[in-house]
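This is target_29.cif (mmCIF, C-alpha atoms).
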data_protein
#
loop_
_atom_site.group_PDB
_atom_site.id
_atom_site.type_symbol
_atom_site.label_atom_id
_atom_site.label_comp_id
_atom_site.auth_asym_id
_atom_site.auth_seq_id
_atom_site.Cartn_x
_atom_site.Cartn_y
_atom_site.Cartn_z
ATOM 1 C CA MET A 1 7.237 -9.646 9.507
ATOM 2 C CA ARG A 2 4.791 -6.784 9.725
ATOM 3 C CA LEU A 3 3.784 -3.951 7.453
ATOM 4 C CA ASP A 4 5.495 -0.719 8.436
ATOM 5 C CA HIS A 5 4.257 1.839 5.927
ATOM 6 C CA ILE A 6 2.891 2.605 2.488
ATOM 7 C CA GLY A 7 4.734 5.259 0.491
ATOM 8 C CA VAL A 8 2.709 7.594 -1.728
ATOM 9 C CA ALA A 9 4.465 9.815 -4.296
ATOM 10 C CA VAL A 10 2.973 13.317 -4.528
ATOM 11 C CA LYS A 11 3.956 16.480 -6.353
ATOM 12 C CA ASN A 12 3.013 18.919 -3.605
ATOM 13 C CA LEU A 13 3.401 17.616 -0.072
ATOM 14 C CA ASP A 14 1.653 20.527 1.612
ATOM 15 C CA GLU A 15 -1.454 20.199 -0.570
ATOM 16 C CA ALA A 16 -1.594 16.444 -0.062
ATOM 17 C CA VAL A 17 -1.253 16.823 3.718
ATOM 18 C CA LYS A 18 -4.403 18.943 3.688
ATOM 19 C CA PHE A 19 -6.434 16.056 2.238
ATOM 20 C CA TYR A 20 -5.018 13.269 4.412
ATOM 21 C CA ARG A 21 -5.141 15.253 7.652
ATOM 22 C CA ASP A 22 -8.035 17.668 7.273
ATOM 23 C CA ILE A 23 -10.469 15.805 4.997
ATOM 24 C CA LEU A 24 -9.722 12.143 5.640
ATOM 25 C CA GLY A 25 -8.885 12.791 9.290
ATOM 26 C CA LEU A 26 -5.624 10.863 9.686
ATOM 27 C CA GLU A 27 -3.129 11.772 12.410
ATOM 28 C CA LEU A 28 0.004 13.517 11.098
ATOM 29 C CA VAL A 29 2.920 12.338 13.221
ATOM 30 C CA LYS A 30 6.018 13.540 11.395
ATOM 31 C CA LEU A 31 7.205 15.952 8.713
ATOM 32 C CA GLU A 32 10.845 15.591 7.757
ATOM 33 C CA GLU A 33 13.396 15.729 4.997
ATOM 34 C CA VAL A 34 15.352 12.566 4.132
ATOM 35 C CA PRO A 35 18.348 13.805 2.126
ATOM 36 C CA GLU A 36 19.676 10.270 1.520
ATOM 37 C CA GLU A 37 16.577 9.563 -0.569
ATOM 38 C CA LYS A 38 16.119 13.148 -1.852
ATOM 39 C CA VAL A 39 12.589 13.431 -0.439
ATOM 40 C CA ARG A 40 10.465 15.348 2.018
ATOM 41 C CA ILE A 41 8.005 13.115 3.839
ATOM 42 C CA ALA A 42 4.823 13.371 5.891
ATOM 43 C CA MET A 43 3.952 10.350 8.044
ATOM 44 C CA PHE A 44 0.372 9.605 9.074
ATOM 45 C CA ARG A 45 -0.545 6.959 11.615
ATOM 46 C CA VAL A 46 -3.334 4.568 10.578
ATOM 47 C CA GLY A 47 -3.660 2.109 13.436
ATOM 48 C CA ASP A 48 -0.243 0.426 13.807
ATOM 49 C CA VAL A 49 1.099 1.384 10.391
ATOM 50 C CA TYR A 50 1.893 4.568 8.531
ATOM 51 C CA ILE A 51 0.996 6.224 5.276
ATOM 52 C CA GLU A 52 4.090 8.116 4.139
ATOM 53 C CA LEU A 53 3.623 10.874 1.586
ATOM 54 C CA LEU A 54 6.795 11.603 -0.366
ATOM 55 C CA GLN A 55 7.727 14.607 -2.459
ATOM 56 C CA GLY A 56 11.016 14.564 -4.377
ATOM 57 C CA THR A 57 13.405 17.410 -3.547
ATOM 58 C CA ASP A 58 15.402 16.899 -6.738
ATOM 59 C CA PRO A 59 14.345 15.958 -10.282
ATOM 60 C CA GLU A 60 16.762 13.038 -10.016
ATOM 61 C CA SER A 61 15.103 11.536 -6.937
ATOM 62 C CA ALA A 62 13.416 8.164 -7.486
ATOM 63 C CA VAL A 63 10.111 9.704 -6.378
ATOM 64 C CA SER A 64 10.286 12.550 -8.918
ATOM 65 C CA LYS A 65 11.146 10.101 -11.693
ATOM 66 C CA PHE A 66 8.284 7.817 -10.643
ATOM 67 C CA ILE A 67 5.796 10.699 -10.874
ATOM 68 C CA GLU A 68 7.149 11.744 -14.256
ATOM 69 C CA LYS A 69 6.652 8.222 -15.599
ATOM 70 C CA ARG A 70 3.467 7.057 -13.851
ATOM 71 C CA GLY A 71 1.900 10.073 -12.179
ATOM 72 C CA GLU A 72 1.158 10.499 -8.498
ATOM 73 C CA GLY A 73 0.107 7.483 -6.440
ATOM 74 C CA ILE A 74 1.292 4.582 -4.347
ATOM 75 C CA HIS A 75 5.046 4.239 -4.771
ATOM 76 C CA HIS A 76 6.122 1.429 -2.443
ATOM 77 C CA ILE A 77 5.192 -0.658 0.563
ATOM 78 C CA ALA A 78 7.573 -1.375 3.400
ATOM 79 C CA ILE A 79 7.703 -4.533 5.449
ATOM 80 C CA HIS A 80 9.555 -4.537 8.740
ATOM 81 C CA VAL A 81 11.811 -7.533 9.314
ATOM 82 C CA ASP A 82 13.864 -8.392 12.382
ATOM 83 C CA ASP A 83 17.165 -8.322 10.513
ATOM 84 C CA VAL A 84 17.274 -6.651 7.121
ATOM 85 C CA ASP A 85 20.896 -7.759 6.595
ATOM 86 C CA ALA A 86 19.960 -11.416 7.012
ATOM 87 C CA LYS A 87 16.793 -11.029 4.903
ATOM 88 C CA THR A 88 18.832 -9.393 2.131
ATOM 89 C CA GLU A 89 21.246 -12.330 2.065
ATOM 90 C CA GLU A 90 18.416 -14.872 2.183
ATOM 91 C CA LEU A 91 16.560 -13.259 -0.721
ATOM 92 C CA LYS A 92 19.755 -12.902 -2.774
ATOM 93 C CA SER A 93 20.380 -16.617 -2.283
ATOM 94 C CA LYS A 94 16.903 -17.270 -3.703
ATOM 95 C CA GLY A 95 17.700 -15.271 -6.838
ATOM 96 C CA VAL A 96 15.794 -12.107 -5.873
ATOM 97 C CA THR A 97 17.128 -8.768 -7.184
ATOM 98 C CA LEU A 98 17.591 -6.016 -4.576
ATOM 99 C CA THR A 99 18.524 -2.369 -5.024
ATOM 100 C CA TYR A 100 21.442 -2.417 -2.601
ATOM 101 C CA ASP A 101 23.941 -5.208 -2.167
ATOM 102 C CA LYS A 102 23.983 -4.329 1.573
ATOM 103 C CA PRO A 103 21.123 -2.467 3.292
ATOM 104 C CA ARG A 104 21.740 1.249 3.752
ATOM 105 C CA ALA A 105 21.131 3.389 6.837
ATOM 106 C CA VAL A 106 18.785 6.392 6.519
ATOM 107 C CA SER A 107 17.167 8.980 8.814
ATOM 108 C CA HIS A 108 20.257 9.482 10.980
ATOM 109 C CA GLY A 109 20.670 5.727 11.334
ATOM 110 C CA GLU A 110 17.131 5.173 12.600
ATOM 111 C CA ARG A 111 16.351 2.689 9.837
ATOM 112 C CA LYS A 112 18.241 0.265 7.623
ATOM 113 C CA ILE A 113 16.527 -0.341 4.321
ATOM 114 C CA ASN A 114 16.683 -2.255 1.059
ATOM 115 C CA PHE A 115 14.282 -2.627 -1.879
ATOM 116 C CA ILE A 116 13.174 -5.688 -3.816
ATOM 117 C CA HIS A 117 12.907 -4.981 -7.536
ATOM 118 C CA PRO A 118 9.315 -4.863 -8.881
ATOM 119 C CA LYS A 119 10.146 -7.508 -11.494
ATOM 120 C CA ASN A 120 10.304 -10.033 -8.635
ATOM 121 C CA THR A 121 7.155 -8.919 -6.865
ATOM 122 C CA PHE A 122 4.702 -8.590 -9.770
ATOM 123 C CA GLY A 123 5.024 -4.837 -9.982
ATOM 124 C CA VAL A 124 5.389 -3.807 -6.329
ATOM 125 C CA LEU A 125 8.410 -1.819 -5.154
ATOM 126 C CA LEU A 126 8.823 -3.636 -1.846
ATOM 127 C CA GLU A 127 11.014 -2.075 0.837
ATOM 128 C CA ILE A 128 12.373 -4.331 3.547
ATOM 129 C CA MET A 129 13.546 -2.482 6.612
ATOM 130 C CA THR A 130 14.638 -2.742 10.214
ATOM 131 C CA ARG A 131 14.164 0.051 12.728
ATOM 132 C CA VAL A 132 17.411 0.343 14.650
ATOM 133 C CA GLU A 133 17.238 0.641 18.454
ATOM 134 C CA LYS A 134 18.858 3.836 19.704
ATOM 135 C CA LYS A 135 21.806 3.180 21.976
ATOM 136 C CA MET B 1 -9.223 4.140 11.583
ATOM 137 C CA ARG B 2 -6.713 1.409 10.786
ATOM 138 C CA LEU B 3 -5.203 0.003 7.634
ATOM 139 C CA ASP B 4 -6.920 -3.214 6.612
ATOM 140 C CA HIS B 5 -5.137 -4.294 3.435
ATOM 141 C CA ILE B 6 -3.158 -3.351 0.355
ATOM 142 C CA GLY B 7 -4.507 -4.609 -2.974
ATOM 143 C CA VAL B 8 -2.017 -5.657 -5.651
ATOM 144 C CA ALA B 9 -3.194 -6.266 -9.235
ATOM 145 C CA VAL B 10 -1.515 -9.287 -10.867
ATOM 146 C CA LYS B 11 -2.021 -11.114 -14.145
ATOM 147 C CA ASN B 12 -1.460 -14.611 -12.814
ATOM 148 C CA LEU B 13 -2.514 -15.171 -9.220
ATOM 149 C CA ASP B 14 -0.970 -18.624 -8.881
ATOM 150 C CA GLU B 15 2.448 -17.425 -10.053
ATOM 151 C CA ALA B 16 2.322 -14.394 -7.764
ATOM 152 C CA VAL B 17 1.353 -16.550 -4.768
ATOM 153 C CA LYS B 18 4.548 -18.535 -5.285
ATOM 154 C CA PHE B 19 6.656 -15.403 -4.753
ATOM 155 C CA TYR B 20 4.768 -13.956 -1.786
ATOM 156 C CA ARG B 21 4.410 -17.271 0.043
ATOM 157 C CA ASP B 22 7.434 -19.328 -0.954
ATOM 158 C CA ILE B 23 10.145 -16.717 -1.575
ATOM 159 C CA LEU B 24 9.134 -13.784 0.639
ATOM 160 C CA GLY B 25 7.678 -16.085 3.302
ATOM 161 C CA LEU B 26 4.323 -14.454 3.995
ATOM 162 C CA GLU B 27 1.426 -16.450 5.453
ATOM 163 C CA LEU B 28 -1.335 -17.201 2.920
ATOM 164 C CA VAL B 29 -4.636 -17.062 4.801
ATOM 165 C CA LYS B 30 -7.305 -17.079 2.106
ATOM 166 C CA LEU B 31 -7.870 -17.823 -1.571
ATOM 167 C CA GLU B 32 -11.316 -16.885 -2.847
ATOM 168 C CA GLU B 33 -13.337 -15.534 -5.723
ATOM 169 C CA VAL B 34 -15.249 -12.271 -5.270
ATOM 170 C CA PRO B 35 -17.792 -12.250 -8.109
ATOM 171 C CA GLU B 36 -19.161 -8.803 -7.148
ATOM 172 C CA GLU B 37 -15.774 -7.300 -8.039
ATOM 173 C CA LYS B 38 -14.914 -9.836 -10.800
ATOM 174 C CA VAL B 39 -11.680 -10.932 -9.109
ATOM 175 C CA ARG B 40 -9.930 -13.891 -7.566
ATOM 176 C CA ILE B 41 -7.937 -12.931 -4.499
ATOM 177 C CA ALA B 42 -5.164 -14.300 -2.309
ATOM 178 C CA MET B 43 -4.832 -12.763 1.160
ATOM 179 C CA PHE B 44 -1.520 -12.782 3.029
ATOM 180 C CA ARG B 45 -1.175 -11.751 6.638
ATOM 181 C CA VAL B 46 1.625 -9.279 7.433
ATOM 182 C CA GLY B 47 1.331 -8.539 11.123
ATOM 183 C CA ASP B 48 -2.157 -7.095 11.659
ATOM 184 C CA VAL B 49 -2.834 -6.199 8.032
ATOM 185 C CA TYR B 50 -3.143 -8.044 4.741
ATOM 186 C CA ILE B 51 -1.618 -7.945 1.308
ATOM 187 C CA GLU B 52 -4.383 -8.907 -1.114
ATOM 188 C CA LEU B 53 -3.332 -10.087 -4.568
ATOM 189 C CA LEU B 54 -6.093 -9.634 -7.147
ATOM 190 C CA GLN B 55 -6.495 -11.197 -10.570
ATOM 191 C CA GLY B 56 -9.390 -10.076 -12.762
ATOM 192 C CA THR B 57 -11.771 -12.845 -13.852
ATOM 193 C CA ASP B 58 -13.191 -10.756 -16.690
ATOM 194 C CA PRO B 59 -11.562 -8.260 -19.085
ATOM 195 C CA GLU B 60 -14.132 -5.733 -17.846
ATOM 196 C CA SER B 61 -13.102 -6.003 -14.196
ATOM 197 C CA ALA B 62 -11.518 -2.878 -12.730
ATOM 198 C CA VAL B 63 -8.380 -4.905 -11.955
ATOM 199 C CA SER B 64 -7.975 -6.142 -15.545
ATOM 200 C CA LYS B 65 -8.449 -2.624 -16.880
ATOM 201 C CA PHE B 66 -5.926 -1.269 -14.368
ATOM 202 C CA ILE B 67 -3.305 -3.786 -15.536
ATOM 203 C CA GLU B 68 -3.985 -3.002 -19.181
ATOM 204 C CA LYS B 69 -3.433 0.693 -18.511
ATOM 205 C CA ARG B 70 -0.664 0.733 -15.885
ATOM 206 C CA GLY B 71 0.727 -2.785 -15.655
ATOM 207 C CA GLU B 72 0.839 -4.984 -12.583
ATOM 208 C CA GLY B 73 1.361 -3.397 -9.184
ATOM 209 C CA ILE B 74 -0.292 -1.824 -6.173
ATOM 210 C CA HIS B 75 -3.923 -1.141 -7.031
ATOM 211 C CA HIS B 76 -5.526 0.239 -3.863
ATOM 212 C CA ILE B 77 -5.229 0.542 -0.117
ATOM 213 C CA ALA B 78 -8.099 -0.108 2.237
ATOM 214 C CA ILE B 79 -8.734 1.661 5.521
ATOM 215 C CA HIS B 80 -11.131 0.156 8.018
ATOM 216 C CA VAL B 81 -13.580 2.596 9.578
ATOM 217 C CA ASP B 82 -16.187 1.942 12.264
ATOM 218 C CA ASP B 83 -19.104 2.942 10.044
ATOM 219 C CA VAL B 84 -18.537 3.132 6.311
ATOM 220 C CA ASP B 85 -22.058 4.532 5.759
ATOM 221 C CA ALA B 86 -21.391 7.475 8.056
ATOM 222 C CA LYS B 87 -17.879 8.018 6.625
ATOM 223 C CA THR B 88 -19.313 8.020 3.096
ATOM 224 C CA GLU B 89 -21.810 10.730 4.052
ATOM 225 C CA GLU B 90 -19.156 12.764 5.898
ATOM 226 C CA LEU B 91 -16.760 12.679 2.936
ATOM 227 C CA LYS B 92 -19.513 13.514 0.440
ATOM 228 C CA SER B 93 -20.407 16.541 2.556
ATOM 229 C CA LYS B 94 -16.744 17.653 2.271
ATOM 230 C CA GLY B 95 -16.896 17.461 -1.520
ATOM 231 C CA VAL B 96 -15.052 14.145 -1.904
ATOM 232 C CA THR B 97 -15.980 11.931 -4.889
ATOM 233 C CA LEU B 98 -16.770 8.288 -4.066
ATOM 234 C CA THR B 99 -17.434 5.356 -6.403
ATOM 235 C CA TYR B 100 -20.732 4.360 -4.804
ATOM 236 C CA ASP B 101 -23.402 6.703 -3.514
ATOM 237 C CA LYS B 102 -24.058 4.136 -0.742
ATOM 238 C CA PRO B 103 -21.442 1.530 0.311
ATOM 239 C CA ARG B 104 -21.966 -1.916 -1.205
ATOM 240 C CA ALA B 105 -21.829 -5.312 0.496
ATOM 241 C CA VAL B 106 -19.326 -7.875 -0.827
ATOM 242 C CA SER B 107 -18.008 -11.334 0.150
ATOM 243 C CA HIS B 108 -21.404 -12.663 1.232
ATOM 244 C CA GLY B 109 -22.052 -9.569 3.285
ATOM 245 C CA GLU B 110 -18.811 -9.860 5.264
ATOM 246 C CA ARG B 111 -17.681 -6.373 4.241
ATOM 247 C CA LYS B 112 -19.252 -3.106 3.194
ATOM 248 C CA ILE B 113 -17.031 -1.024 0.963
ATOM 249 C CA ASN B 114 -16.692 2.211 -0.923
ATOM 250 C CA PHE B 115 -13.836 3.871 -2.834
ATOM 251 C CA ILE B 116 -12.545 7.429 -2.808
ATOM 252 C CA HIS B 117 -11.593 8.607 -6.285
ATOM 253 C CA PRO B 118 -7.823 9.006 -6.865
ATOM 254 C CA LYS B 119 -8.318 12.614 -7.966
ATOM 255 C CA ASN B 120 -9.092 13.433 -4.316
ATOM 256 C CA THR B 121 -6.244 11.449 -2.787
ATOM 257 C CA PHE B 122 -3.305 12.473 -5.007
ATOM 258 C CA GLY B 123 -3.407 9.312 -7.070
ATOM 259 C CA VAL B 124 -4.365 6.653 -4.500
ATOM 260 C CA LEU B 125 -7.448 4.485 -5.004
ATOM 261 C CA LEU B 126 -8.520 4.478 -1.355
ATOM 262 C CA GLU B 127 -11.062 1.922 -0.199
ATOM 263 C CA ILE B 128 -12.977 2.626 2.983
ATOM 264 C CA MET B 129 -14.591 -0.421 4.498
ATOM 265 C CA THR B 130 -16.303 -1.901 7.521
ATOM 266 C CA ARG B 131 -16.156 -5.585 8.383
ATOM 267 C CA VAL B 132 -19.668 -6.611 9.322
ATOM 268 C CA GLU B 133 -20.142 -8.723 12.440
ATOM 269 C CA LYS B 134 -21.806 -12.044 11.677
ATOM 270 C CA LYS B 135 -25.144 -12.448 13.422
#

Written as structure tokens, how would this file's structure read?
Amino acid sequence: MRLDHIGVAVKNLDEAVKFYRDILGLELVKLEEVPEEKVRIAMFRVGDVYIELLQGTDPESAVSKFIEKRGEGIHHIAIHVDDVDAKTEELKSKGVTLTYDKPRAVSHGERKINFIHPKNTFGVLLEIMTRVEKK
Amino acid sequence: MRLDHIGVAVKNLDEAVKFYRDILGLELVKLEEVPEEKVRIAMFRVGDVYIELLQGTDPESAVSKFIEKRGEGIHHIAIHVDDVDAKTEELKSKGVTLTYDKPRAVSHGERKINFIHPKNTFGVLLEIMTRVEKK
């Protein structure tokens, strides 16, 4: 297992990008919309991992609801596993609650993801994910 | 710059360790008390970075106050920089607010740290730090 990224919920992606890129000096590697999760994201490389800023594109997105409830800030962390399907089954067998019964594909099938409920992790929304090799 | 660790505020370190080590399967590499920050910590390796669970050892610790206000969860992220003194000065010159005017040494001088105020980072308590080479 390795850390893949840290997700940060922000209200205004363009303003936040200015701080992380221009003031802090991180390398912006991707700006994209992820309709499956109703977010726009900006990915910054920090060594071998990423900081992912997320802005909800719909009031019903999980990110928008998070901001409404808790304000801007760190939303989730994502750990890469070799096989997110197997890890999902293993954790379910240990009594862990996950968002999806089976991992779902996002970003045009580039990634398969699931989330462990914060009640299991002492308050951390923990994404488990596998980056899928392109055929 | 590279990500060093993610700090997670928990009420009961021993209980939280059971989830991260025994259920999730992360490698526990260190348990220690950091009196300068009034916390006990458990460090887990996830690839090249760490997840650091923190329990306050005093109601006045920043971690205890964070939990009282926001509940358990991700507390800060820490980015390693080559020279935290120089980075502190650079950020101050750009108008960024930091916790300490000069970085402070913690863990028996192993690390020098400072924190960027969440108002600058869109809600993220961002530690900047340098691991000091032992003489």

Query - Residues matched by the PyMOL selection byres ((chain A and resi 24) around 12) as a ChimeraX atom specification - result: /A:16-23,25-28,44,46 /B:1,79,81,87-88,90-96,116,120-121,126-128

Selection: 9 Å around B:Leu53, all atoms listed in the file, excl. self and same-chain fewer than 4 positions, as a short mmCIF file (atom, residue, chain, number, x, y, z; two decimals) with C-alpha atoms, keeping the file's coordinate frame:
data_model
loop_
_atom_site.label_atom_id
_atom_site.label_comp_id
_atom_site.auth_asym_id
_atom_site.auth_seq_id
_atom_site.Cartn_x
_atom_site.Cartn_y
_atom_site.Cartn_z
CA ILE B 6 -3.16 -3.35 0.36
CA GLY B 7 -4.51 -4.61 -2.97
CA VAL B 8 -2.02 -5.66 -5.65
CA ALA B 9 -3.19 -6.27 -9.24
CA VAL B 10 -1.52 -9.29 -10.87
CA LEU B 13 -2.51 -15.17 -9.22
CA ALA B 16 2.32 -14.39 -7.76
CA VAL B 17 1.35 -16.55 -4.77
CA ARG B 40 -9.93 -13.89 -7.57
CA ILE B 41 -7.94 -12.93 -4.50
CA ALA B 42 -5.16 -14.30 -2.31
CA MET B 43 -4.83 -12.76 1.16
CA PHE B 44 -1.52 -12.78 3.03
CA ILE B 74 -0.29 -1.82 -6.17
#

Query raised in the report: By how many Å are atom CA of B:Val132 and atom CA of B:Ala78 apart?
Result: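 Spanning atom CA of B:Val132 to atom CA of B:Ala78 is a straight-line distance of 15.0 Å.
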
Requested in this report: For A:Asp58, please output as a ChimeraX atom specification all residues within 12 Å (counting all atoms listed in the file; exclusion window: fewer than 4 positions along the same chain).
Outcome: /A:11,33-40,54,62-65

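Comparing the minimum interatomic distances between chain A and each of B:His117, B:Arg104, B:Arg111, B:Arg131, counting only C-alpha atoms, we find that B:His117 sits nearest.
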
Padding 8 Å on each side, edges along x, y and z: where is the centre of the box around the listed atoms of stretch 8-15 of chain A, and how long are its edges in Å to one decimal? Output it as lines of an AutoDock Vina configuration file.
center_x = 1.5
center_y = 14.1
center_z = -2.4
size_x = 21.9
size_y = 28.9
size_z = 24.0

Query raised in the report: Could you write out as an MDAnalysis selection string the residues that the PyMOL selection byres ((chain B and resi 49) around 10) matches in the shown file?
Result: (chainID A and resid 2:4 47:49) or (chainID B and resid 2:6 43:48 50:52 78)

Report task. Could you tell me which of A:Glu110, A:Glu72, A:Asp85, A:Glu133 comes closest to chain B if we count all atoms listed in the file? Result -> A:Glu72

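Atom pair atom CA of B:Thr99 / atom CA of A:Gly73 has a distance of 17.7 Å (rounded to one decimal).
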
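Closest to chain A among B:Asp101, B:Glu15, B:Asp83, B:Glu89 is B:Glu15, based on all atoms listed in the file.
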
Report task. Choose the residue, out of A:Val124, A:Leu31, A:Met129, A:Ala86, that has the smallest atom-to-atom separation from chain B; count all atoms listed in the file. Result ->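 Once distances to chain B are computed over all atoms listed in the file, the minimum belongs to A:Val124.
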
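Of the listed residues (A:Asn114, A:Asn12, A:Thr57, A:Ser107), A:Asn12 comes nearest to chain B; the distances count only C-alpha atoms.
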
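Atom CA of A:Lys119 to atom CA of A:Arg70 spans 16.2 Å [interatomic distance, one decimal].
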